[in-house]
Amino acid sequence: MMTDNAAKLPKYDLGGCSITLIDGGRLKLDGGAMFGIIPKPLWQQSTPADEQNRIQLACNCLLVEWEGETDRRVIIETGHGSKYDEKEQGFFEIDPSRWLLSGLRSAGVEPETITDVVVSHLHFDHAGGLTYERDGRIVSTFPNARVHVRRREYDDAQVGFGTMKTTYRMENLQPIDEARAWCLHEGEEECVPGVRSLPTPGHTRGHHSIIVTGSRRTAIFPGDSMPTAAHVGAPYNMAYDLFPLDNRESKNKYLKRAAEEDWLIFIDHEVETPVVTAEVKKGWYALRPA
Ligand SMILES: [Zn+2]
């Protein structure tokens, strides 16, 4: 790991390209819902709950840059964004002033310079940072960027497919619709050279993960297929996952390759150890901080 002197942000060199971890904010969600069928005595050992049984989650976003290039500069995931009323701020313990744009500005990055944004899926805590309110209007955070998501996910967001009625929010999508900026993926596709999507259905059926390849090393952002490091285990699904067995299969596939090829894994909601590597252990996998 290198540290960017100007902003002191964690930066990972993959060879010719680098990934900088950008703070996309914090939120809290119910610990029981986050750990599905896992009994609380097990999960609370690694993840303490507050008096309302909520656990602290990060929204980790990635900035991908290539040495000496300005024609590709990529953001992976956008976090919860800033558009919350007081009731929601209390419910999720969201600070609306702490989101991707403030994180980027503290890294000295202007949103106009971003060419491509990739989101794993369109739930509010992943797509919320795509737009924000400026002068009374909701506008694109990244006015010059194409926005990559799977077509399956986009179509499901339009009709609110799933069990959580309020997680797909039109205010996160409409400015991108109006700008015709969507790049809708049918399967495994390249976003820009060096960044590609990998379908990992389970959390939603249109969920995908994002793979970044440098000359020396590969990294993966598995999105909500493995939201924290504590979710590495095979039965560790969220109650929010629409297709738990599919999610387990998705996790198995990329963790196998990650272990074999020593990939860096960037975990979206992990607070303590957001960047890890995987190893095979007792017929499944274990993670260790990178
Ligand atoms: Zn999430």
# chains A, B, ... in the order shown; residues from 1 in each chain; ligands from 1
$ closest_atom_pairs --of "chain A" --to "ligand 1" --cutoff "9 Å" --atoms "only C-alpha atoms and all ligand atoms" --output "tab-separated table"
residue	atom	partner	partner_atom_place_in_ligand_line	distance
A:Leu57	CA	ligand 1	1 (Zn)	8.9
A:Cys59	CA	ligand 1	1 (Zn)	7.9
A:Gly79	CA	ligand 1	1 (Zn)	8.2
A:His80	CA	ligand 1	1 (Zn)	8.7
A:His121	CA	ligand 1	1 (Zn)	8.7
A:His123	CA	ligand 1	1 (Zn)	6.8
A:Phe124	CA	ligand 1	1 (Zn)	7.8
A:Asp125	CA	ligand 1	1 (Zn)	5.3
A:His126	CA	ligand 1	1 (Zn)	6.1
A:Gly223	CA	ligand 1	1 (Zn)	7.4
A:Asp224	CA	ligand 1	1 (Zn)	5.4
A:Pro227	CA	ligand 1	1 (Zn)	6.7
A:Asp268	CA	ligand 1	1 (Zn)	7.5
A:His269	CA	ligand 1	1 (Zn)	6.8
$ write_last_selection --atoms "C-alpha atoms" --output "short mmCIF file (atom, residue, chain, number, x, y, z; two decimals), in the first residue's frame"
data_model
loop_
_atom_site.label_atom_id
_atom_site.label_comp_id
_atom_site.auth_asym_id
_atom_site.auth_seq_id
_atom_site.Cartn_x
_atom_site.Cartn_y
_atom_site.Cartn_z
CA LEU A 57 -21.32 0.14 8.03
CA CYS A 59 -19.70 2.99 2.11
CA GLY A 79 -22.36 5.16 -1.54
CA HIS A 80 -25.47 6.59 0.08
CA HIS A 121 -26.46 -2.47 -8.16
CA HIS A 123 -30.00 0.13 -4.00
CA PHE A 124 -29.95 3.53 -2.30
CA ASP A 125 -26.72 2.96 -0.38
CA HIS A 126 -24.86 2.24 -3.65
CA GLY A 223 -20.35 -5.15 -3.90
CA ASP A 224 -23.08 -6.51 -1.66
CA PRO A 227 -20.77 -6.64 2.32
CA ASP A 268 -18.00 -2.21 0.20
CA HIS A 269 -19.46 -1.90 3.72
#
$ atom_distance --atom1 "atom CA of Glu69 of chain A" --atom2 "atom CA of Val276 of chain A"
27.3 Å
$ closest_residue --among "A:Val139, A:Ile267, A:Ile220, A:Val232" --to "Asn247 of chain A" --atoms "only C-alpha atoms"
A:Val232
$ closest_residue --among "A:Ile37, A:Leu62, A:Val195, A:Ala234" --to "Glu249 of chain A" --atoms "only C-alpha atoms"
A:Ala234
$ closest_residue --among "A:Phe221, A:Leu287, A:Gly16, A:His185" --to "Glu67 of chain A" --atoms "only C-alpha atoms"
A:Gly16
$ closest_residue --among "A:Ile22, A:Ile55, A:Leu100, A:Val271" --to "Met34 of chain A" --atoms "only C-alpha atoms"
A:Ile55
$ closest_residue --among "A:Gly194, A:Gly90, A:Gly128, A:Pro96" --to "Val74 of chain A" --atoms "only C-alpha atoms"
A:Gly194
$ closest_residue --among "A:Ala286, A:Ala107, A:Cys191, A:Val117" --to "His231 of chain A" --atoms "only C-alpha atoms"
A:Ala286
$ residues_around --residues "Val212 of chain A" --least-positions-apart "4" --cutoff "12 Å" --atoms "only C-alpha atoms" --output "PyMOL selection string"
chain A and resi 12-19+62-66+74-76+118+190-198+216-222+263-266
$ write_last_selection --atoms "C-alpha atoms" --output "short mmCIF file (atom, residue, chain, number, x, y, z; two decimals), in the first residue's frame"
data_model
loop_
_atom_site.label_atom_id
_atom_site.label_comp_id
_atom_site.auth_asym_id
_atom_site.auth_seq_id
_atom_site.Cartn_x
_atom_site.Cartn_y
_atom_site.Cartn_z
CA TYR A 12 -3.07 0.57 -3.99
CA ASP A 13 -0.76 0.14 -6.98
CA LEU A 14 -1.76 -2.63 -9.43
CA GLY A 15 0.96 -1.82 -11.96
CA GLY A 16 0.27 1.07 -14.34
CA CYS A 17 -2.97 1.77 -12.53
CA SER A 18 -3.92 2.50 -8.96
CA ILE A 19 -6.97 2.27 -6.72
CA LEU A 62 -12.94 3.39 -5.30
CA LEU A 63 -11.13 5.80 -7.60
CA VAL A 64 -9.24 4.03 -10.40
CA GLU A 65 -6.55 5.98 -12.24
CA TRP A 66 -3.92 5.19 -14.87
CA VAL A 74 -13.20 5.63 -13.00
CA ILE A 75 -15.30 5.66 -9.85
CA ILE A 76 -16.55 2.33 -8.54
CA VAL A 118 -19.65 1.66 -12.20
CA GLU A 190 -15.51 -4.15 -20.30
CA CYS A 191 -16.29 -0.68 -18.88
CA VAL A 192 -12.97 0.84 -19.96
CA PRO A 193 -9.76 -1.06 -20.75
CA GLY A 194 -8.65 -2.53 -17.41
CA VAL A 195 -12.07 -2.46 -15.73
CA ARG A 196 -14.76 -5.05 -16.37
CA SER A 197 -17.96 -6.25 -14.80
CA LEU A 198 -18.62 -9.80 -13.60
CA ARG A 216 1.04 -6.73 -11.86
CA ARG A 217 -2.11 -7.38 -9.90
CA THR A 218 -5.88 -7.80 -10.11
CA ALA A 219 -8.48 -6.40 -7.72
CA ILE A 220 -12.19 -7.12 -7.28
CA PHE A 221 -15.00 -5.08 -5.78
CA PRO A 222 -17.67 -7.68 -4.92
CA TRP A 263 -6.35 -10.68 -5.90
CA LEU A 264 -6.95 -7.65 -3.74
CA ILE A 265 -10.57 -7.58 -2.53
CA PHE A 266 -12.19 -4.21 -1.73
#
$ atom_distance --atom1 "atom CA of Asp71 of chain A" --atom2 "atom CA of Ser102 of chain A"
22.9 Å
$ residues_around --residues "Asp95 of chain A" --least-positions-apart "2" --cutoff "10 Å" --atoms "only C-alpha atoms" --output "PDB file with N, CA and C atoms, in the first residue's frame"
ATOM      1  N   GLY A  25     -19.125   7.687   2.978  1.00  0.00           N
ATOM      2  CA  GLY A  25     -20.034   7.919   4.100  1.00  0.00           C
ATOM      3  C   GLY A  25     -20.188   6.699   4.989  1.00  0.00           C
ATOM      4  N   ARG A  26     -21.076   6.839   5.950  1.00  0.00           N
ATOM      5  CA  ARG A  26     -21.356   5.788   6.935  1.00  0.00           C
ATOM      6  C   ARG A  26     -22.874   5.643   7.063  1.00  0.00           C
ATOM      7  N   LEU A  27     -23.318   4.435   7.367  1.00  0.00           N
ATOM      8  CA  LEU A  27     -24.724   4.259   7.740  1.00  0.00           C
ATOM      9  C   LEU A  27     -24.845   3.078   8.685  1.00  0.00           C
ATOM     10  N   HIS A  80     -24.073   6.187  -0.193  1.00  0.00           N
ATOM     11  CA  HIS A  80     -25.470   6.586   0.078  1.00  0.00           C
ATOM     12  C   HIS A  80     -25.824   7.985  -0.400  1.00  0.00           C
ATOM     13  N   GLY A  81     -24.834   8.814  -0.695  1.00  0.00           N
ATOM     14  CA  GLY A  81     -25.150  10.161  -1.166  1.00  0.00           C
ATOM     15  C   GLY A  81     -25.645  11.077  -0.054  1.00  0.00           C
ATOM     16  N   SER A  82     -26.301  12.155  -0.442  1.00  0.00           N
ATOM     17  CA  SER A  82     -26.604  13.245   0.508  1.00  0.00           C
ATOM     18  C   SER A  82     -28.089  13.577   0.639  1.00  0.00           C
ATOM     19  N   TYR A  84     -31.167  13.011   2.142  1.00  0.00           N
ATOM     20  CA  TYR A  84     -31.944  12.384   3.210  1.00  0.00           C
ATOM     21  C   TYR A  84     -32.600  13.435   4.087  1.00  0.00           C
ATOM     22  N   GLU A  86     -34.582  14.545   7.752  1.00  0.00           N
ATOM     23  CA  GLU A  86     -34.124  14.344   9.131  1.00  0.00           C
ATOM     24  C   GLU A  86     -34.504  12.980   9.685  1.00  0.00           C
ATOM     25  N   GLN A  89     -32.141  10.464   8.260  1.00  0.00           N
ATOM     26  CA  GLN A  89     -30.805  10.646   8.841  1.00  0.00           C
ATOM     27  C   GLN A  89     -30.715   9.972  10.198  1.00  0.00           C
ATOM     28  N   GLY A  90     -31.811  10.064  10.982  1.00  0.00           N
ATOM     29  CA  GLY A  90     -31.837   9.423  12.290  1.00  0.00           C
ATOM     30  C   GLY A  90     -31.942   7.916  12.178  1.00  0.00           C
ATOM     31  N   PHE A  92     -31.058   5.842   9.752  1.00  0.00           N
ATOM     32  CA  PHE A  92     -29.843   5.177   9.243  1.00  0.00           C
ATOM     33  C   PHE A  92     -28.562   5.736   9.863  1.00  0.00           C
ATOM     34  N   GLU A  93     -28.710   6.740  10.713  1.00  0.00           N
ATOM     35  CA  GLU A  93     -27.565   7.493  11.257  1.00  0.00           C
ATOM     36  C   GLU A  93     -26.613   7.916  10.135  1.00  0.00           C
ATOM     37  N   SER A  97     -23.599  15.330   5.035  1.00  0.00           N
ATOM     38  CA  SER A  97     -22.463  16.121   4.535  1.00  0.00           C
ATOM     39  C   SER A  97     -21.241  15.230   4.283  1.00  0.00           C
ATOM     40  N   ARG A  98     -21.316  13.987   4.720  1.00  0.00           N
ATOM     41  CA  ARG A  98     -20.209  13.055   4.522  1.00  0.00           C
ATOM     42  C   ARG A  98     -20.619  12.028   3.466  1.00  0.00           C
ATOM     43  N   TRP A  99     -20.196  12.275   2.241  1.00  0.00           N
ATOM     44  CA  TRP A  99     -20.544  11.337   1.160  1.00  0.00           C
ATOM     45  C   TRP A  99     -19.462  11.392   0.108  1.00  0.00           C
TER      46      TRP A  99
END
$ select_by_dssp --residues "segment 47-164 of chain A" --states "strand (DSSP E or B)" --output "PyMOL selection string"
chain A and resi 54-66+73-76+116-118+131-134+137-140+146-150
$ write_last_selection --atoms "C-alpha atoms" --output "PDB file, in the first residue's frame"
ATOM      1  CA  ARG A  54     -27.937  -1.593  14.424  1.00  0.00           C
ATOM      2  CA  ILE A  55     -24.389  -2.176  13.202  1.00  0.00           C
ATOM      3  CA  GLN A  56     -22.000   0.405  11.759  1.00  0.00           C
ATOM      4  CA  LEU A  57     -21.318   0.141   8.032  1.00  0.00           C
ATOM      5  CA  ALA A  58     -18.994   2.044   5.722  1.00  0.00           C
ATOM      6  CA  CYS A  59     -19.696   2.987   2.108  1.00  0.00           C
ATOM      7  CA  ASN A  60     -16.309   2.395   0.526  1.00  0.00           C
ATOM      8  CA  CYS A  61     -15.917   3.809  -2.989  1.00  0.00           C
ATOM      9  CA  LEU A  62     -12.936   3.394  -5.302  1.00  0.00           C
ATOM     10  CA  LEU A  63     -11.134   5.804  -7.596  1.00  0.00           C
ATOM     11  CA  VAL A  64      -9.245   4.029 -10.396  1.00  0.00           C
ATOM     12  CA  GLU A  65      -6.549   5.979 -12.245  1.00  0.00           C
ATOM     13  CA  TRP A  66      -3.918   5.193 -14.867  1.00  0.00           C
ATOM     14  CA  ARG A  73     -10.711   7.932 -14.681  1.00  0.00           C
ATOM     15  CA  VAL A  74     -13.196   5.627 -12.998  1.00  0.00           C
ATOM     16  CA  ILE A  75     -15.302   5.655  -9.850  1.00  0.00           C
ATOM     17  CA  ILE A  76     -16.546   2.327  -8.537  1.00  0.00           C
ATOM     18  CA  ASP A 116     -16.936   6.358 -16.042  1.00  0.00           C
ATOM     19  CA  VAL A 117     -18.845   5.312 -12.930  1.00  0.00           C
ATOM     20  CA  VAL A 118     -19.646   1.664 -12.202  1.00  0.00           C
ATOM     21  CA  THR A 131     -26.989  12.470  -7.980  1.00  0.00           C
ATOM     22  CA  TYR A 132     -27.324  15.324  -5.503  1.00  0.00           C
ATOM     23  CA  GLU A 133     -29.378  18.445  -4.904  1.00  0.00           C
ATOM     24  CA  ARG A 134     -27.910  21.689  -6.249  1.00  0.00           C
ATOM     25  CA  ARG A 137     -32.635  20.578  -8.498  1.00  0.00           C
ATOM     26  CA  ILE A 138     -31.406  16.974  -8.446  1.00  0.00           C
ATOM     27  CA  VAL A 139     -28.442  16.736 -10.832  1.00  0.00           C
ATOM     28  CA  SER A 140     -25.775  14.208 -11.828  1.00  0.00           C
ATOM     29  CA  ARG A 146     -21.050   7.135 -18.428  1.00  0.00           C
ATOM     30  CA  VAL A 147     -22.759   5.067 -15.696  1.00  0.00           C
ATOM     31  CA  HIS A 148     -22.364   1.285 -15.906  1.00  0.00           C
ATOM     32  CA  VAL A 149     -24.860  -1.148 -14.409  1.00  0.00           C
ATOM     33  CA  ARG A 150     -26.450  -4.393 -15.571  1.00  0.00           C
TER      34      ARG A 150
END
$ select_by_dssp --residues "segment 80-191 of chain A" --states "alpha helix (DSSP H)" --output "PyMOL selection string"
chain A and resi 86-92+100-106+124-127+151-159+174-178
$ decode --residues "segment 206-243 of chain A" --atoms "N, CA and C atoms" --output "PDB file, in the first residue's frame"
ATOM      1  N   GLY A 206     -29.690  -8.794 -10.719  1.00  0.00           N
ATOM      2  CA  GLY A 206     -28.892  -8.028 -11.663  1.00  0.00           C
ATOM      3  C   GLY A 206     -27.594  -7.483 -11.075  1.00  0.00           C
ATOM      4  N   HIS A 207     -27.195  -8.021  -9.930  1.00  0.00           N
ATOM      5  CA  HIS A 207     -25.972  -7.533  -9.262  1.00  0.00           C
ATOM      6  C   HIS A 207     -24.732  -7.941 -10.057  1.00  0.00           C
ATOM      7  N   HIS A 208     -23.757  -7.050 -10.144  1.00  0.00           N
ATOM      8  CA  HIS A 208     -22.466  -7.466 -10.675  1.00  0.00           C
ATOM      9  C   HIS A 208     -21.335  -6.938  -9.799  1.00  0.00           C
ATOM     10  N   SER A 209     -20.169  -7.592  -9.939  1.00  0.00           N
ATOM     11  CA  SER A 209     -18.960  -7.164  -9.249  1.00  0.00           C
ATOM     12  C   SER A 209     -18.055  -6.521 -10.281  1.00  0.00           C
ATOM     13  N   ILE A 210     -17.029  -5.828  -9.808  1.00  0.00           N
ATOM     14  CA  ILE A 210     -16.173  -5.091 -10.738  1.00  0.00           C
ATOM     15  C   ILE A 210     -14.733  -5.543 -10.542  1.00  0.00           C
ATOM     16  N   ILE A 211     -14.084  -5.863 -11.662  1.00  0.00           N
ATOM     17  CA  ILE A 211     -12.703  -6.353 -11.630  1.00  0.00           C
ATOM     18  C   ILE A 211     -11.786  -5.326 -12.289  1.00  0.00           C
ATOM     19  N   VAL A 212     -10.702  -4.987 -11.606  1.00  0.00           N
ATOM     20  CA  VAL A 212      -9.714  -4.047 -12.129  1.00  0.00           C
ATOM     21  C   VAL A 212      -8.401  -4.803 -12.317  1.00  0.00           C
ATOM     22  N   THR A 213      -7.830  -4.693 -13.510  1.00  0.00           N
ATOM     23  CA  THR A 213      -6.612  -5.439 -13.808  1.00  0.00           C
ATOM     24  C   THR A 213      -5.464  -4.490 -14.134  1.00  0.00           C
ATOM     25  N   GLY A 214      -4.402  -4.566 -13.350  1.00  0.00           N
ATOM     26  CA  GLY A 214      -3.187  -3.828 -13.645  1.00  0.00           C
ATOM     27  C   GLY A 214      -2.157  -4.770 -14.248  1.00  0.00           C
ATOM     28  N   SER A 215      -0.963  -4.248 -14.532  1.00  0.00           N
ATOM     29  CA  SER A 215       0.053  -5.098 -15.153  1.00  0.00           C
ATOM     30  C   SER A 215       0.612  -6.106 -14.158  1.00  0.00           C
ATOM     31  N   ARG A 216       0.487  -5.829 -12.864  1.00  0.00           N
ATOM     32  CA  ARG A 216       1.038  -6.732 -11.858  1.00  0.00           C
ATOM     33  C   ARG A 216       0.001  -7.436 -10.996  1.00  0.00           C
ATOM     34  N   ARG A 217      -1.172  -6.818 -10.859  1.00  0.00           N
ATOM     35  CA  ARG A 217      -2.109  -7.376  -9.896  1.00  0.00           C
ATOM     36  C   ARG A 217      -3.547  -7.104 -10.309  1.00  0.00           C
ATOM     37  N   THR A 218      -4.452  -7.957  -9.841  1.00  0.00           N
ATOM     38  CA  THR A 218      -5.882  -7.805 -10.111  1.00  0.00           C
ATOM     39  C   THR A 218      -6.601  -7.509  -8.801  1.00  0.00           C
ATOM     40  N   ALA A 219      -7.664  -6.707  -8.889  1.00  0.00           N
ATOM     41  CA  ALA A 219      -8.483  -6.401  -7.719  1.00  0.00           C
ATOM     42  C   ALA A 219      -9.943  -6.634  -8.079  1.00  0.00           C
ATOM     43  N   ILE A 220     -10.747  -6.975  -7.059  1.00  0.00           N
ATOM     44  CA  ILE A 220     -12.191  -7.124  -7.284  1.00  0.00           C
ATOM     45  C   ILE A 220     -12.961  -6.337  -6.232  1.00  0.00           C
ATOM     46  N   PHE A 221     -14.057  -5.746  -6.675  1.00  0.00           N
ATOM     47  CA  PHE A 221     -15.002  -5.083  -5.778  1.00  0.00           C
ATOM     48  C   PHE A 221     -16.281  -5.911  -5.833  1.00  0.00           C
ATOM     49  N   PRO A 222     -16.530  -6.755  -4.824  1.00  0.00           N
ATOM     50  CA  PRO A 222     -17.667  -7.681  -4.920  1.00  0.00           C
ATOM     51  C   PRO A 222     -19.018  -7.089  -4.537  1.00  0.00           C
ATOM     52  N   GLY A 223     -19.064  -5.791  -4.226  1.00  0.00           N
ATOM     53  CA  GLY A 223     -20.348  -5.154  -3.899  1.00  0.00           C
ATOM     54  C   GLY A 223     -21.025  -5.829  -2.724  1.00  0.00           C
ATOM     55  N   ASP A 224     -22.342  -5.951  -2.794  1.00  0.00           N
ATOM     56  CA  ASP A 224     -23.084  -6.515  -1.664  1.00  0.00           C
ATOM     57  C   ASP A 224     -23.137  -8.038  -1.682  1.00  0.00           C
ATOM     58  N   SER A 225     -22.386  -8.695  -2.572  1.00  0.00           N
ATOM     59  CA  SER A 225     -22.320 -10.157  -2.475  1.00  0.00           C
ATOM     60  C   SER A 225     -21.524 -10.561  -1.238  1.00  0.00           C
ATOM     61  N   MET A 226     -20.660  -9.669  -0.735  1.00  0.00           N
ATOM     62  CA  MET A 226     -19.925  -9.888   0.518  1.00  0.00           C
ATOM     63  C   MET A 226     -19.740  -8.516   1.169  1.00  0.00           C
ATOM     64  N   PRO A 227     -20.762  -8.041   1.897  1.00  0.00           N
ATOM     65  CA  PRO A 227     -20.769  -6.641   2.322  1.00  0.00           C
ATOM     66  C   PRO A 227     -19.737  -6.267   3.386  1.00  0.00           C
ATOM     67  N   THR A 228     -19.374  -7.225   4.245  1.00  0.00           N
ATOM     68  CA  THR A 228     -18.305  -6.969   5.225  1.00  0.00           C
ATOM     69  C   THR A 228     -17.394  -8.196   5.236  1.00  0.00           C
ATOM     70  N   ALA A 229     -16.246  -8.053   5.868  1.00  0.00           N
ATOM     71  CA  ALA A 229     -15.321  -9.195   5.959  1.00  0.00           C
ATOM     72  C   ALA A 229     -15.958 -10.331   6.762  1.00  0.00           C
ATOM     73  N   ALA A 230     -16.864  -9.993   7.675  1.00  0.00           N
ATOM     74  CA  ALA A 230     -17.533 -11.012   8.485  1.00  0.00           C
ATOM     75  C   ALA A 230     -18.493 -11.866   7.661  1.00  0.00           C
ATOM     76  N   HIS A 231     -18.773 -11.435   6.413  1.00  0.00           N
ATOM     77  CA  HIS A 231     -19.697 -12.191   5.559  1.00  0.00           C
ATOM     78  C   HIS A 231     -18.996 -13.182   4.634  1.00  0.00           C
ATOM     79  N   VAL A 232     -17.744 -13.486   4.902  1.00  0.00           N
ATOM     80  CA  VAL A 232     -17.022 -14.387   3.988  1.00  0.00           C
ATOM     81  C   VAL A 232     -17.578 -15.806   4.033  1.00  0.00           C
ATOM     82  N   GLY A 233     -18.077 -16.266   5.181  1.00  0.00           N
ATOM     83  CA  GLY A 233     -18.521 -17.655   5.348  1.00  0.00           C
ATOM     84  C   GLY A 233     -19.654 -18.028   4.401  1.00  0.00           C
ATOM     85  N   ALA A 234     -19.715 -19.333   4.046  1.00  0.00           N
ATOM     86  CA  ALA A 234     -20.710 -19.788   3.070  1.00  0.00           C
ATOM     87  C   ALA A 234     -22.158 -19.475   3.482  1.00  0.00           C
ATOM     88  N   PRO A 235     -22.562 -19.691   4.740  1.00  0.00           N
ATOM     89  CA  PRO A 235     -23.967 -19.409   5.078  1.00  0.00           C
ATOM     90  C   PRO A 235     -24.237 -17.940   5.423  1.00  0.00           C
ATOM     91  N   TYR A 236     -23.234 -17.095   5.300  1.00  0.00           N
ATOM     92  CA  TYR A 236     -23.405 -15.684   5.684  1.00  0.00           C
ATOM     93  C   TYR A 236     -24.022 -14.880   4.546  1.00  0.00           C
ATOM     94  N   ASN A 237     -25.345 -14.912   4.500  1.00  0.00           N
ATOM     95  CA  ASN A 237     -26.087 -14.066   3.570  1.00  0.00           C
ATOM     96  C   ASN A 237     -26.818 -13.014   4.371  1.00  0.00           C
ATOM     97  N   MET A 238     -27.164 -11.922   3.713  1.00  0.00           N
ATOM     98  CA  MET A 238     -28.026 -10.931   4.344  1.00  0.00           C
ATOM     99  C   MET A 238     -29.486 -11.348   4.160  1.00  0.00           C
ATOM    100  N   ALA A 239     -30.344 -10.967   5.115  1.00  0.00           N
ATOM    101  CA  ALA A 239     -31.780 -11.175   4.911  1.00  0.00           C
ATOM    102  C   ALA A 239     -32.262 -10.367   3.704  1.00  0.00           C
ATOM    103  N   TYR A 240     -31.502  -9.346   3.323  1.00  0.00           N
ATOM    104  CA  TYR A 240     -31.847  -8.525   2.155  1.00  0.00           C
ATOM    105  C   TYR A 240     -31.575  -9.246   0.832  1.00  0.00           C
ATOM    106  N   ASP A 241     -30.763 -10.325   0.860  1.00  0.00           N
ATOM    107  CA  ASP A 241     -30.427 -11.024  -0.389  1.00  0.00           C
ATOM    108  C   ASP A 241     -31.678 -11.695  -0.956  1.00  0.00           C
ATOM    109  N   LEU A 242     -31.988 -11.417  -2.211  1.00  0.00           N
ATOM    110  CA  LEU A 242     -33.208 -11.964  -2.808  1.00  0.00           C
ATOM    111  C   LEU A 242     -33.030 -13.430  -3.177  1.00  0.00           C
ATOM    112  N   PHE A 243     -31.781 -13.843  -3.500  1.00  0.00           N
ATOM    113  CA  PHE A 243     -31.510 -15.219  -3.929  1.00  0.00           C
ATOM    114  C   PHE A 243     -30.248 -15.723  -3.214  1.00  0.00           C
TER     115      PHE A 243
END
